[in-house]
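Peer 1: Structure file my_file37.cif (mmCIF, C-alpha atoms and all ligand atoms) is given on the next line.
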data_final
#
loop_
_atom_site.label_atom_id
_atom_site.label_comp_id
_atom_site.auth_asym_id
_atom_site.auth_seq_id
_atom_site.Cartn_x
_atom_site.Cartn_y
_atom_site.Cartn_z
CA MET A 1 137.43 98.75 148.44
CA ILE A 2 133.99 97.94 147.13
CA ASP A 3 133.78 95.01 149.58
CA LYS A 4 133.92 97.42 152.45
CA VAL A 5 131.12 99.48 150.96
CA LYS A 6 129.06 96.35 150.48
CA LYS A 7 129.64 95.19 154.04
CA GLU A 8 128.70 98.56 155.49
CA LEU A 9 125.54 98.70 153.43
CA GLU A 10 124.56 95.16 154.37
CA ILE A 11 124.84 95.95 158.06
CA ARG A 12 122.67 99.03 157.76
CA PHE A 13 120.13 97.71 155.25
CA PRO A 14 119.41 94.04 155.87
CA LEU A 15 116.78 93.85 153.11
CA LEU A 16 119.28 94.91 150.49
CA LYS A 17 119.49 92.81 147.32
CA LEU A 18 122.69 92.45 145.38
CA VAL A 19 122.14 92.95 141.66
CA ARG A 20 125.65 92.86 140.28
CA GLU A 21 129.14 93.09 141.59
CA GLN A 22 132.51 93.56 139.94
CA HIS A 23 135.89 94.56 141.24
CA ASN A 24 135.07 98.27 141.28
CA TYR A 25 131.37 98.27 140.67
CA LEU A 26 128.43 97.48 142.92
CA HIS A 27 124.75 97.57 142.10
CA VAL A 28 122.36 97.11 145.00
CA LYS A 29 118.63 97.32 145.33
CA VAL A 30 117.13 98.66 148.51
CA GLU A 31 113.63 99.05 149.84
CA ARG A 32 111.88 102.21 148.76
CA VAL A 33 111.78 103.60 152.32
CA SER A 34 115.50 103.26 152.86
CA ALA A 35 116.70 104.50 149.46
CA MET A 36 117.39 108.04 150.63
CA ASP A 37 119.17 106.78 153.75
CA ALA A 38 121.38 104.58 151.63
CA ILE A 39 122.25 107.45 149.31
CA VAL A 40 123.03 109.82 152.15
CA MET A 41 125.14 107.17 153.81
CA ALA A 42 127.02 106.43 150.59
CA ARG A 43 127.82 110.10 150.27
CA THR A 44 128.71 110.94 153.84
CA SER A 45 130.52 107.89 155.14
CA LEU A 46 131.36 105.70 152.15
CA GLY A 47 133.04 108.34 150.02
CA HIS A 48 130.71 108.05 147.01
CA SER A 49 130.26 111.76 146.83
CA VAL A 50 129.71 112.36 143.11
CA LEU A 51 126.24 111.97 141.68
CA GLN A 52 126.82 110.88 138.13
CA LEU A 53 123.34 110.12 136.91
CA ILE A 54 119.81 109.46 137.95
CA SER A 55 118.13 107.01 135.65
CA THR A 56 114.67 105.58 135.41
CA VAL A 57 113.34 102.39 133.88
CA ASP A 58 109.65 101.98 133.30
CA ARG A 59 108.96 98.38 134.33
CA ILE A 60 105.35 98.33 133.29
CA GLU A 61 105.03 94.56 133.86
CA ASP A 62 105.67 95.00 137.58
CA ASP A 63 103.82 98.34 137.64
CA VAL A 64 106.87 100.14 139.00
CA PHE A 65 109.42 102.73 138.01
CA GLN A 66 112.87 101.56 138.89
CA MET A 67 114.98 104.52 139.94
CA THR A 68 118.74 104.18 139.95
CA TRP A 69 121.18 106.65 141.43
CA ILE A 70 124.72 106.24 140.19
CA LEU A 71 127.29 107.47 142.69
CA GLU A 72 131.01 107.58 142.08
CA ASN A 73 134.00 107.67 144.30
CA TYR A 74 136.72 109.38 142.29
CA SER A 75 139.58 108.77 144.66
CA ALA A 76 138.96 105.02 144.89
CA CYS A 77 137.63 104.68 141.32
CA THR A 78 134.52 102.80 142.41
CA VAL A 79 130.95 103.08 141.25
CA LEU A 80 127.92 102.39 143.39
CA LEU A 81 124.45 102.02 141.94
CA ILE A 82 121.52 102.22 144.30
CA SER A 83 118.14 101.18 142.92
CA ALA A 84 114.65 101.26 144.32
CA ASP A 85 111.19 100.59 142.93
CA TYR A 86 108.42 103.15 143.10
CA PRO A 87 104.81 102.48 142.14
CA ARG A 88 103.84 103.90 138.74
CA GLU A 89 100.59 105.49 139.79
CA ASN A 90 101.19 109.15 140.80
CA CYS A 91 104.83 108.40 141.29
CA ILE A 92 106.62 110.58 143.84
CA VAL A 93 110.34 110.32 144.55
CA PRO A 94 112.22 112.51 147.05
CA SER A 95 114.47 115.11 145.48
CA LEU A 96 118.21 115.15 146.04
CA CYS A 97 118.65 118.84 145.22
CA GLN A 98 119.49 119.70 148.81
CA ILE A 99 122.47 117.35 148.72
CA TRP A 100 123.59 117.70 145.09
CA PRO A 101 122.30 120.85 143.36
CA ALA A 102 123.22 119.15 140.08
CA ALA A 103 120.46 116.61 140.66
CA SER A 104 118.02 119.29 139.62
CA ALA A 105 118.66 118.82 135.90
CA PHE A 106 118.26 115.05 136.04
CA GLU A 107 115.09 115.32 138.03
CA ARG A 108 113.56 117.88 135.71
CA GLU A 109 114.34 115.63 132.78
CA ILE A 110 112.76 112.62 134.46
CA PHE A 111 109.76 114.72 135.38
CA GLU A 112 109.21 115.59 131.72
CA MET A 113 110.01 112.21 130.28
CA PHE A 114 108.24 109.97 132.81
CA GLY A 115 105.98 112.29 134.76
CA ILE A 116 107.62 111.42 138.06
CA SER A 117 107.30 114.21 140.57
CA PHE A 118 110.22 115.24 142.79
CA PRO A 119 108.89 117.35 145.64
CA GLY A 120 111.71 119.51 146.93
CA ASN A 121 113.20 120.35 143.54
CA PRO A 122 113.01 124.15 143.36
CA ARG A 123 112.79 124.18 139.56
CA GLU A 124 110.34 121.37 139.03
CA GLY A 125 107.87 121.94 136.24
CA GLU A 126 110.02 124.44 134.36
CA ASP A 127 110.42 123.68 130.67
CA PHE A 128 113.51 121.66 130.05
CA LEU A 129 113.60 119.38 127.02
CA LEU A 130 110.04 119.38 125.82
CA GLU A 131 108.39 122.72 125.51
CA GLY A 132 104.66 122.75 126.00
CA TRP A 133 104.20 118.98 126.01
CA LYS A 134 100.57 118.06 126.67
CA ASP A 135 100.44 114.32 126.01
CA THR A 136 101.51 111.35 128.11
CA PRO A 137 105.19 111.76 129.01
CA PRO A 138 107.01 110.26 126.03
CA MET A 139 109.32 107.79 127.76
CA ARG A 140 106.54 105.99 129.59
CA ARG A 141 105.89 102.70 127.96
CA ASP A 142 102.16 103.30 127.74
CA PHE A 143 102.88 106.22 125.37
CA GLU A 144 102.19 105.21 121.76
CA THR A 145 105.11 106.80 119.94
CA GLU A 146 104.21 105.81 116.42
CA GLU A 147 100.55 106.68 116.79
CA TYR A 148 101.55 110.07 118.20
CA ALA A 149 104.00 110.75 115.37
CA MET A 150 101.38 109.84 112.78
CA ARG A 151 98.80 112.05 114.42
CA VAL A 152 100.98 115.09 114.97
CA TYR A 153 103.57 115.04 112.20
CA GLY A 154 101.39 113.49 109.57
CA GLU A 155 101.23 110.20 107.80
CA ARG A 156 104.28 109.19 105.89
CA GLN A 157 104.31 106.80 103.01
CA PRO A 158 105.56 103.39 104.12
CA ARG A 159 108.94 102.53 102.80
CA GLU A 160 109.02 100.40 99.71
CA HIS A 161 111.26 97.43 100.04
CA LEU A 162 113.29 96.80 96.96
CA ASP A 163 115.24 93.60 96.70
CA PRO A 164 118.56 94.50 95.04
CA ARG A 165 118.73 91.03 93.56
CA GLN A 166 115.75 91.90 91.41
CA TYR A 167 117.62 94.79 89.82
CA ILE A 168 121.24 93.84 89.59
CA GLY A 169 120.89 90.08 89.56
CA ASP A 170 123.62 87.92 90.95
CA ILE A 171 126.51 90.03 89.68
CA VAL A 172 127.49 91.80 92.85
CA GLY A 173 126.49 91.71 96.42
CA GLU A 174 126.97 89.72 99.51
CA TRP A 175 125.37 86.60 98.08
CA ASN A 176 128.00 86.38 95.37
CA THR A 177 131.01 86.37 97.67
CA PRO A 178 132.47 83.01 98.73
CA MET A 179 130.94 83.41 102.18
CA GLY A 180 127.57 84.38 100.76
CA ARG A 181 127.54 81.45 98.32
CA LYS A 182 128.36 79.10 101.12
CA ARG A 183 125.54 80.45 103.21
CA GLU A 184 123.12 80.10 100.30
CA GLU A 185 124.12 76.49 99.81
CA GLU A 186 123.59 75.73 103.45
CA LYS A 187 120.05 77.11 103.30
CA MET B 188 106.59 147.92 115.76
CA TYR B 189 105.61 145.32 113.18
CA CYS B 190 104.06 146.09 109.84
CA ASN B 191 101.22 143.86 108.87
CA GLN B 192 101.52 144.36 105.14
CA PRO B 193 104.16 142.88 102.90
CA PRO B 194 106.26 145.62 101.30
CA GLU B 195 105.22 147.07 97.96
CA LYS B 196 107.24 145.99 95.00
CA PRO B 197 109.97 148.57 94.49
CA GLY B 198 108.91 149.99 91.16
CA ASN B 199 109.05 148.08 87.91
CA LYS B 200 112.48 146.65 87.91
CA LYS B 201 113.65 145.92 84.44
CA GLU B 202 114.02 142.27 83.73
CA LEU B 203 117.62 142.69 82.76
CA LEU B 204 118.41 144.39 86.03
CA GLU B 205 116.69 141.57 87.91
CA LYS B 206 118.78 139.08 85.98
CA ILE B 207 122.00 140.85 86.84
CA THR B 208 120.98 141.06 90.49
CA ASN B 209 120.18 137.37 90.52
CA MET B 210 123.57 136.60 89.01
CA ALA B 211 125.20 138.55 91.82
CA ARG B 212 123.04 136.86 94.40
CA ALA B 213 123.83 133.41 93.11
CA ASN B 214 127.54 134.00 93.31
CA SER B 215 127.67 135.28 96.83
CA LEU B 216 125.63 132.94 98.97
CA TRP B 217 126.11 133.67 102.62
CA VAL B 218 125.09 130.95 105.00
CA THR B 219 123.84 131.33 108.54
CA ALA B 220 126.10 129.58 111.00
CA TYR B 221 123.57 127.11 112.21
CA GLY B 222 123.49 123.34 112.32
CA THR B 223 121.12 120.68 113.48
CA GLY B 224 120.97 116.91 113.35
CA CYS B 225 123.86 114.81 112.16
CA GLY B 226 124.45 116.93 109.08
CA ALA B 227 126.45 119.73 110.62
CA ILE B 228 129.32 117.25 110.74
CA GLU B 229 129.44 117.13 106.94
CA LEU B 230 129.50 120.91 106.75
CA ARG B 231 132.83 121.13 108.54
CA PRO B 232 134.90 119.61 105.72
CA LEU B 233 132.93 121.78 103.36
CA HIS B 234 134.09 124.94 105.12
CA THR B 235 137.69 123.94 105.38
CA SER B 236 140.36 123.54 102.79
CA ARG B 237 139.56 120.07 101.51
CA PHE B 238 136.26 120.93 99.85
CA ASP B 239 136.52 124.66 100.35
CA MET B 240 133.14 126.14 99.61
CA GLU B 241 134.47 129.67 99.48
CA ARG B 242 135.64 129.07 95.93
CA PHE B 243 131.95 129.13 95.00
CA GLY B 244 131.40 132.35 96.90
CA ILE B 245 129.67 130.56 99.74
CA ALA B 246 130.69 131.91 103.12
CA MET B 247 129.50 131.48 106.65
CA ARG B 248 128.04 134.43 108.49
CA PRO B 249 127.70 134.59 112.24
CA THR B 250 124.28 136.20 112.24
CA PRO B 251 121.08 135.57 110.28
CA ARG B 252 120.78 139.25 109.47
CA GLN B 253 123.76 139.05 107.14
CA ALA B 254 122.93 135.72 105.58
CA ASP B 255 120.74 134.56 102.74
CA VAL B 256 120.93 130.78 103.01
CA LEU B 257 119.73 128.69 105.90
CA ILE B 258 120.94 125.11 105.91
CA ILE B 259 118.70 122.68 107.76
CA SER B 260 121.19 119.89 108.18
CA GLY B 261 119.07 116.99 109.32
CA TYR B 262 116.23 116.14 111.64
CA LEU B 263 114.47 119.01 113.34
CA ALA B 264 112.96 118.68 116.77
CA THR B 265 109.87 120.75 117.42
CA LYS B 266 111.86 122.70 119.96
CA THR B 267 114.50 123.48 117.36
CA LEU B 268 111.89 124.33 114.77
CA LYS B 269 110.84 127.23 116.94
CA ARG B 270 114.36 128.64 116.86
CA VAL B 271 114.71 127.95 113.17
CA ILE B 272 111.52 129.85 112.36
CA ARG B 273 112.83 132.75 114.39
CA VAL B 274 116.15 132.68 112.56
CA TYR B 275 114.48 132.37 109.17
CA GLU B 276 112.18 135.29 109.78
CA GLN B 277 115.06 137.48 110.84
CA MET B 278 116.95 136.91 107.63
CA GLN B 279 116.82 139.57 104.96
CA ASP B 280 115.13 138.93 101.64
CA PRO B 281 115.90 137.16 99.41
CA LYS B 282 116.52 134.06 101.47
CA TYR B 283 116.80 130.41 100.60
CA ILE B 284 116.59 127.16 102.50
CA VAL B 285 118.72 124.14 101.70
CA ALA B 286 117.58 120.98 103.47
CA LEU B 287 119.94 118.07 103.85
CA GLY B 288 119.23 114.43 104.42
CA SER B 289 116.27 112.14 104.31
CA CYS B 290 115.14 113.33 107.72
CA THR B 291 114.00 116.63 106.28
CA ILE B 292 112.39 115.00 103.26
CA ASN B 293 110.18 112.39 104.92
CA GLY B 294 111.39 111.87 108.45
CA GLY B 295 114.16 109.44 107.54
CA MET B 296 114.93 107.00 110.27
CA TYR B 297 113.31 109.27 112.85
CA PHE B 298 109.90 109.09 111.16
CA ASP B 299 108.19 107.68 114.25
CA SER B 300 109.93 109.84 116.83
CA TYR B 301 107.73 111.75 119.22
CA ASN B 302 109.77 114.87 118.82
CA THR B 303 111.03 115.32 115.27
CA LEU B 304 108.97 116.56 112.40
CA ASN B 305 108.69 114.56 109.21
CA VAL B 306 108.20 116.82 106.22
CA LEU B 307 110.04 120.11 106.52
CA ASP B 308 108.27 121.63 103.56
CA LYS B 309 105.07 121.93 105.55
CA TYR B 310 106.66 124.36 107.98
CA LEU B 311 109.24 126.29 105.97
CA PRO B 312 109.67 126.76 102.22
CA VAL B 313 112.55 124.60 101.07
CA ASP B 314 114.32 125.56 97.87
CA VAL B 315 116.70 122.65 97.48
CA TYR B 316 116.67 119.23 99.05
CA VAL B 317 119.87 117.23 99.09
CA MET B 318 119.20 113.58 99.67
CA GLY B 319 121.36 111.13 101.51
CA CYS B 320 121.83 110.06 105.06
CA MET B 321 124.06 112.07 105.45
CA PRO B 322 124.92 113.69 102.09
CA ARG B 323 128.63 113.90 101.50
CA PRO B 324 130.23 117.32 100.94
CA GLU B 325 130.27 116.66 97.18
CA ALA B 326 126.51 116.19 97.25
CA ILE B 327 126.06 119.37 99.23
CA ILE B 328 128.17 121.27 96.71
CA ASP B 329 125.96 119.77 94.02
CA GLY B 330 122.93 121.01 95.91
CA PHE B 331 124.43 124.46 96.11
CA SER B 332 125.13 124.58 92.40
CA LEU B 333 121.50 123.61 91.83
CA LEU B 334 120.46 126.44 94.10
CA MET B 335 122.69 128.85 92.19
CA GLN B 336 121.13 127.73 88.94
CA LYS B 337 117.66 128.19 90.40
CA ILE B 338 118.51 131.68 91.60
CA LYS B 339 119.94 132.64 88.22
CA ASP B 340 116.77 131.38 86.53
CA GLY B 341 114.68 133.28 89.04
CA ARG B 342 113.04 130.07 90.30
CA ALA B 343 114.20 130.18 93.92
CA GLN B 344 111.11 131.93 95.20
CA GLY B 345 110.58 130.12 98.48
CA TRP B 346 110.72 133.33 100.49
CA LYS B 347 107.97 134.91 98.41
CA HIS B 348 105.93 131.77 98.72
CA TYR B 349 106.34 131.94 102.48
CA LYS B 350 105.03 135.46 102.61
CA GLU B 351 102.11 134.78 100.35
CA ASN B 352 101.10 131.59 102.15
CA LEU B 353 101.99 132.67 105.63
CA ASP B 354 98.64 131.49 106.99
CA TYR B 355 99.22 127.98 105.73
CA TYR B 356 102.71 127.81 107.21
CA ARG B 357 101.61 129.39 110.48
CA GLU B 358 98.77 126.93 110.85
CA ASN B 359 101.11 123.98 110.39
CA GLN B 360 103.72 125.47 112.69
CA LYS B 361 101.23 126.16 115.43
CA LYS B 362 99.88 122.65 115.16
CA ILE B 363 103.12 121.19 116.47
CA ILE B 364 104.53 124.08 118.50
CA THR B 365 102.06 124.07 121.34
CA ASP B 366 103.56 126.89 123.41
CA TRP B 367 103.67 129.45 120.63
CA ASP B 368 105.43 132.60 121.79
CA LEU B 369 107.12 133.88 118.65
CA PRO B 370 106.59 137.47 117.61
CA ASP B 371 104.43 138.16 114.58
CA TYR B 372 106.10 138.17 111.23
CA ASN B 373 108.16 141.27 110.71
CA TRP B 374 108.27 142.12 107.04
S1 LIG C 401 119.24 112.03 107.29
FE1 LIG C 401 120.51 110.55 108.39
S2 LIG C 401 122.42 111.64 108.81
FE2 LIG C 401 120.84 113.17 108.31
S3 LIG C 401 119.95 113.84 110.25
FE3 LIG C 401 118.69 112.15 109.46
S4 LIG C 401 119.55 110.30 110.39
FE4 LIG C 401 121.08 111.92 110.62
#
Since I need it in another form, could you write the structure as structure tokens?
Peer 2:
Amino acid sequence: MIDKVKKELEIRFPLLKLVREQHNYLHVKVERVSAMDAIVMARTSLGHSVLQLISTVDRIEDDVFQMTWILENYSACTVLLISADYPRENCIVPSLCQIWPAASAFEREIFEMFGISFPGNPREGEDFLLEGWKDTPPMRRDFETEEYAMRVYGERQPREHLDPRQYIGDIVGEWNTPMGRKREEEK
Amino acid sequence: MYCNQPPEKPGNKKELLEKITNMARANSLWVTAYGTGCGAIELRPLHTSRFDMERFGIAMRPTPRQADVLIISGYLATKTLKRVIRVYEQMQDPKYIVALGSCTINGGMYFDSYNTLNVLDKYLPVDVYVMGCMPRPEAIIDGFSLLMQKIKDGRAQGWKHYKENLDYYRENQKKIITDWDLPDYNW
């Protein structure tokens, strides 16, 4: 079943890269310009009509956001993942709300977490998970989580590390089991 | 609509009367049905027959207006804090807060999260902390008996402290809740 999907996609999108393939699972990477075509084709003619998830990976090394749309075909029990890279700077990705209204929630979440804009989403910019967030979007990798937490929620005392061996000696604990003793000896 | 003065003390209550009232209060703690973080899971066995908290006179109430204890059962996101403040301010006096888990004490394992606060005491007056990650129902019962003892001794005065130091609490709350839209305190 998934072979047929793969063949069809390869005919239509010659620049397609295969990421991973299993008996009911196919992950392909397409050029940015043809991502929407691939998704529409998967829905209309390949039977992958359920949008399960839209996910984003911040690949800061390559200066791109990798978007992945996960599409399922319930009757054939196959999963198709379509990925595409979008540049990080002022990232704009087309919205899928016209095709799947449910895409709205995913896109609003990605907008808040990564700052990726989805023109065409009627509810873009409405508060969703973060209310009144003013900093860098928190899931971007250039966001300094720890520094932010220290600044906003206040310094917290660093955790003291207490070695249990100091307190209870060698009476109990992992190092006094046969396995632990063996490991100690090997050291 | 809102008064801006705390209510006058209702006459000179005799100490004995206050003591009797406190005894009654301690033995009928009604808890708001509210849960956050991982800790609400440990409250379920506490409600039901195994640990059965009703034998201590602790019962769940569906609305904050009927309750006098608010359990903060774990980490609090800033978004949740807004709701919690609203719930707390709607509760009738006297009211007490029981905070469970290390997340409410110093941030626990979410200390460097971008979205969860570290020290709950800065934002709401906590009467009893129960430590653990997550405290078992026995520990929570222990915390409740401590709270009862505090009420009987007249030491559970968090609600009064909140009123008297409202500016301090408000300042801290507004520091992390950037889109402040809560109504003013209604005495
Ligand atoms: S203290 Fe532990 S169990 Fe409780 S909310 Fe935090 S992480 Fe979860």
Peer 1: Would you give me, as a ChimeraX atom specification, the residues of chain B that come within 7 Å of chain A, using all atoms listed in the file?
Peer 2: /B:266,293,299-301,304-305,363,365-366
Peer 1: Near Arg108 in chain A, counting all atoms listed in the file, which residues have an atom at most 9 Å away, once you skip same-chain residues fewer than 4 positions from it, shown as a list in words?
Peer 2: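 Counting only the stated atoms, we get Ala103, Ser104, Glu112, Met113, Ser117, Phe118, Asn121, Arg123, Glu124, Gly125, Glu126, Asp127, Phe128 and Leu129 of chain A.
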Peer 1: Deliver the residues from the most recent selection as a file, using C-alpha atoms, as a PDB file, in the frame of the given file.
Peer 2:
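Done, and the output landed in part-v4.pdb:
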ATOM      1  CA  ALA A 103     120.460 116.610 140.660  1.00  0.00           C
ATOM      2  CA  SER A 104     118.020 119.290 139.620  1.00  0.00           C
ATOM      3  CA  GLU A 112     109.210 115.590 131.720  1.00  0.00           C
ATOM      4  CA  MET A 113     110.010 112.210 130.280  1.00  0.00           C
ATOM      5  CA  SER A 117     107.300 114.210 140.570  1.00  0.00           C
ATOM      6  CA  PHE A 118     110.220 115.240 142.790  1.00  0.00           C
ATOM      7  CA  ASN A 121     113.200 120.350 143.540  1.00  0.00           C
ATOM      8  CA  ARG A 123     112.790 124.180 139.560  1.00  0.00           C
ATOM      9  CA  GLU A 124     110.340 121.370 139.030  1.00  0.00           C
ATOM     10  CA  GLY A 125     107.870 121.940 136.240  1.00  0.00           C
ATOM     11  CA  GLU A 126     110.020 124.440 134.360  1.00  0.00           C
ATOM     12  CA  ASP A 127     110.420 123.680 130.670  1.00  0.00           C
ATOM     13  CA  PHE A 128     113.510 121.660 130.050  1.00  0.00           C
ATOM     14  CA  LEU A 129     113.600 119.380 127.020  1.00  0.00           C
TER      15      LEU A 129
END
Peer 1: Between B:Thr208, B:Thr265, B:Ser289, B:Gln279, which is the closest to ligand LIG 401 (chain C) once you count all atoms listed in the file?
Peer 2: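 So, comparing all the options, the nearest one is B:Ser289.
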Peer 1: Pick out the residues sitting within 12 Å of Met278 in chain B, and hand them over as a VMD selection string; count only C-alpha atoms, and ignore anything fewer than 2 positions along from it in its own chain.
Peer 2: chain B and resid 217 to 219 248 to 257 271 to 276 280 to 284 346 372 to 374
Peer 1: Give one line per residue of chain B that approaches ligand LIG 401 (chain C) to at most 8 Å, naming the two atoms of the closest pair and their distance in Å to one decimal, counting all atoms listed in the file; sort by chain then ascending residue number and deliver it as a tab-separated table.
Peer 2:
residue	atom	partner	partner_atom	distance
B:Thr223	CA	C:LIG401	S3	7.7
B:Gly224	CA	C:LIG401	S3	4.5
B:Cys225	CA	C:LIG401	FE4	4.3
B:Gly226	CA	C:LIG401	FE2	5.3
B:Ser260	CA	C:LIG401	S3	6.5
B:Gly261	CA	C:LIG401	S3	3.4
B:Tyr262	CA	C:LIG401	S3	4.6
B:Leu287	CA	C:LIG401	FE2	6.7
B:Gly288	CA	C:LIG401	S1	3.7
B:Ser289	CA	C:LIG401	S1	4.2
B:Cys290	CA	C:LIG401	FE3	4.1
B:Thr291	CA	C:LIG401	S1	7.0
B:Gly294	CA	C:LIG401	FE3	7.4
B:Gly295	CA	C:LIG401	FE3	5.6
B:Met296	CA	C:LIG401	S4	5.7
B:Tyr297	CA	C:LIG401	S4	6.8
B:Met318	CA	C:LIG401	S1	7.8
B:Gly319	CA	C:LIG401	S1	6.2
B:Cys320	CA	C:LIG401	FE1	3.6
B:Met321	CA	C:LIG401	S2	3.8
B:Pro322	CA	C:LIG401	FE2	7.5
Peer 1: Take the residues just selected and output them with C-alpha atoms as a PDB file, in the coordinates of the input.
Peer 2:
ATOM      1  CA  THR B 223     121.120 120.680 113.480  1.00  0.00           C
ATOM      2  CA  GLY B 224     120.970 116.910 113.350  1.00  0.00           C
ATOM      3  CA  CYS B 225     123.860 114.810 112.160  1.00  0.00           C
ATOM      4  CA  GLY B 226     124.450 116.930 109.080  1.00  0.00           C
ATOM      5  CA  SER B 260     121.190 119.890 108.180  1.00  0.00           C
ATOM      6  CA  GLY B 261     119.070 116.990 109.320  1.00  0.00           C
ATOM      7  CA  TYR B 262     116.230 116.140 111.640  1.00  0.00           C
ATOM      8  CA  LEU B 287     119.940 118.070 103.850  1.00  0.00           C
ATOM      9  CA  GLY B 288     119.230 114.430 104.420  1.00  0.00           C
ATOM     10  CA  SER B 289     116.270 112.140 104.310  1.00  0.00           C
ATOM     11  CA  CYS B 290     115.140 113.330 107.720  1.00  0.00           C
ATOM     12  CA  THR B 291     114.000 116.630 106.280  1.00  0.00           C
ATOM     13  CA  GLY B 294     111.390 111.870 108.450  1.00  0.00           C
ATOM     14  CA  GLY B 295     114.160 109.440 107.540  1.00  0.00           C
ATOM     15  CA  MET B 296     114.930 107.000 110.270  1.00  0.00           C
ATOM     16  CA  TYR B 297     113.310 109.270 112.850  1.00  0.00           C
ATOM     17  CA  MET B 318     119.200 113.580  99.670  1.00  0.00           C
ATOM     18  CA  GLY B 319     121.360 111.130 101.510  1.00  0.00           C
ATOM     19  CA  CYS B 320     121.830 110.060 105.060  1.00  0.00           C
ATOM     20  CA  MET B 321     124.060 112.070 105.450  1.00  0.00           C
ATOM     21  CA  PRO B 322     124.920 113.690 102.090  1.00  0.00           C
TER      22      PRO B 322
END
Peer 1: Suppose you want the space between CA of Glu325 in chain B and CA of Phe243 in chain B; what is it in Å?
Peer 2: 12.8 Å
Peer 1: What does the distance between CA of Tyr349 in chain B and CA of Asp308 in chain B come to in Å, to one decimal place?
Peer 2: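 Here the two named atoms are 10.5 Å from each other.
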Peer 1: For CA of Leu26 in chain A and CA of Val40 in chain A, determine how far apart the two atoms are, in Å to one decimal place.
Peer 2: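 So the answer is 16.3 Å.
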Peer 1: Would you kindly return, as a PyMOL selection string, each protein, DNA or RNA residue with an atom no farther than 12 Å from any atom of Ser34 in chain A, considering only C-alpha atoms and excluding same-chain residues fewer than 2 positions away?
Peer 2: chain A and resi 9+12-16+29-32+36-41+82-85+94
Peer 1: Which of these, B:Ala211, B:Met335, B:Leu369, B:Ala326, has the shortest distance to Leu233 in chain B once you count all atoms listed in the file?
Peer 2: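 Among the listed residues, the smallest separation from Leu233 in chain B belongs to B:Ala326.
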Peer 1: For Lys6 in chain A, find every residue with an atom within 10 Å (counting all atoms listed in the file), except residues of its own chain fewer than 2 positions away, and show them as a list of chain:residue names.
Peer 2: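 Listing them by chain and then by number gives A:Met1, A:Ile2, A:Asp3, A:Lys4, A:Glu8, A:Leu9, A:Glu10, A:Ile11, A:Leu16, A:Leu18, A:Glu21, A:Leu26, A:His27, A:Val28, A:Leu46, A:Leu80.
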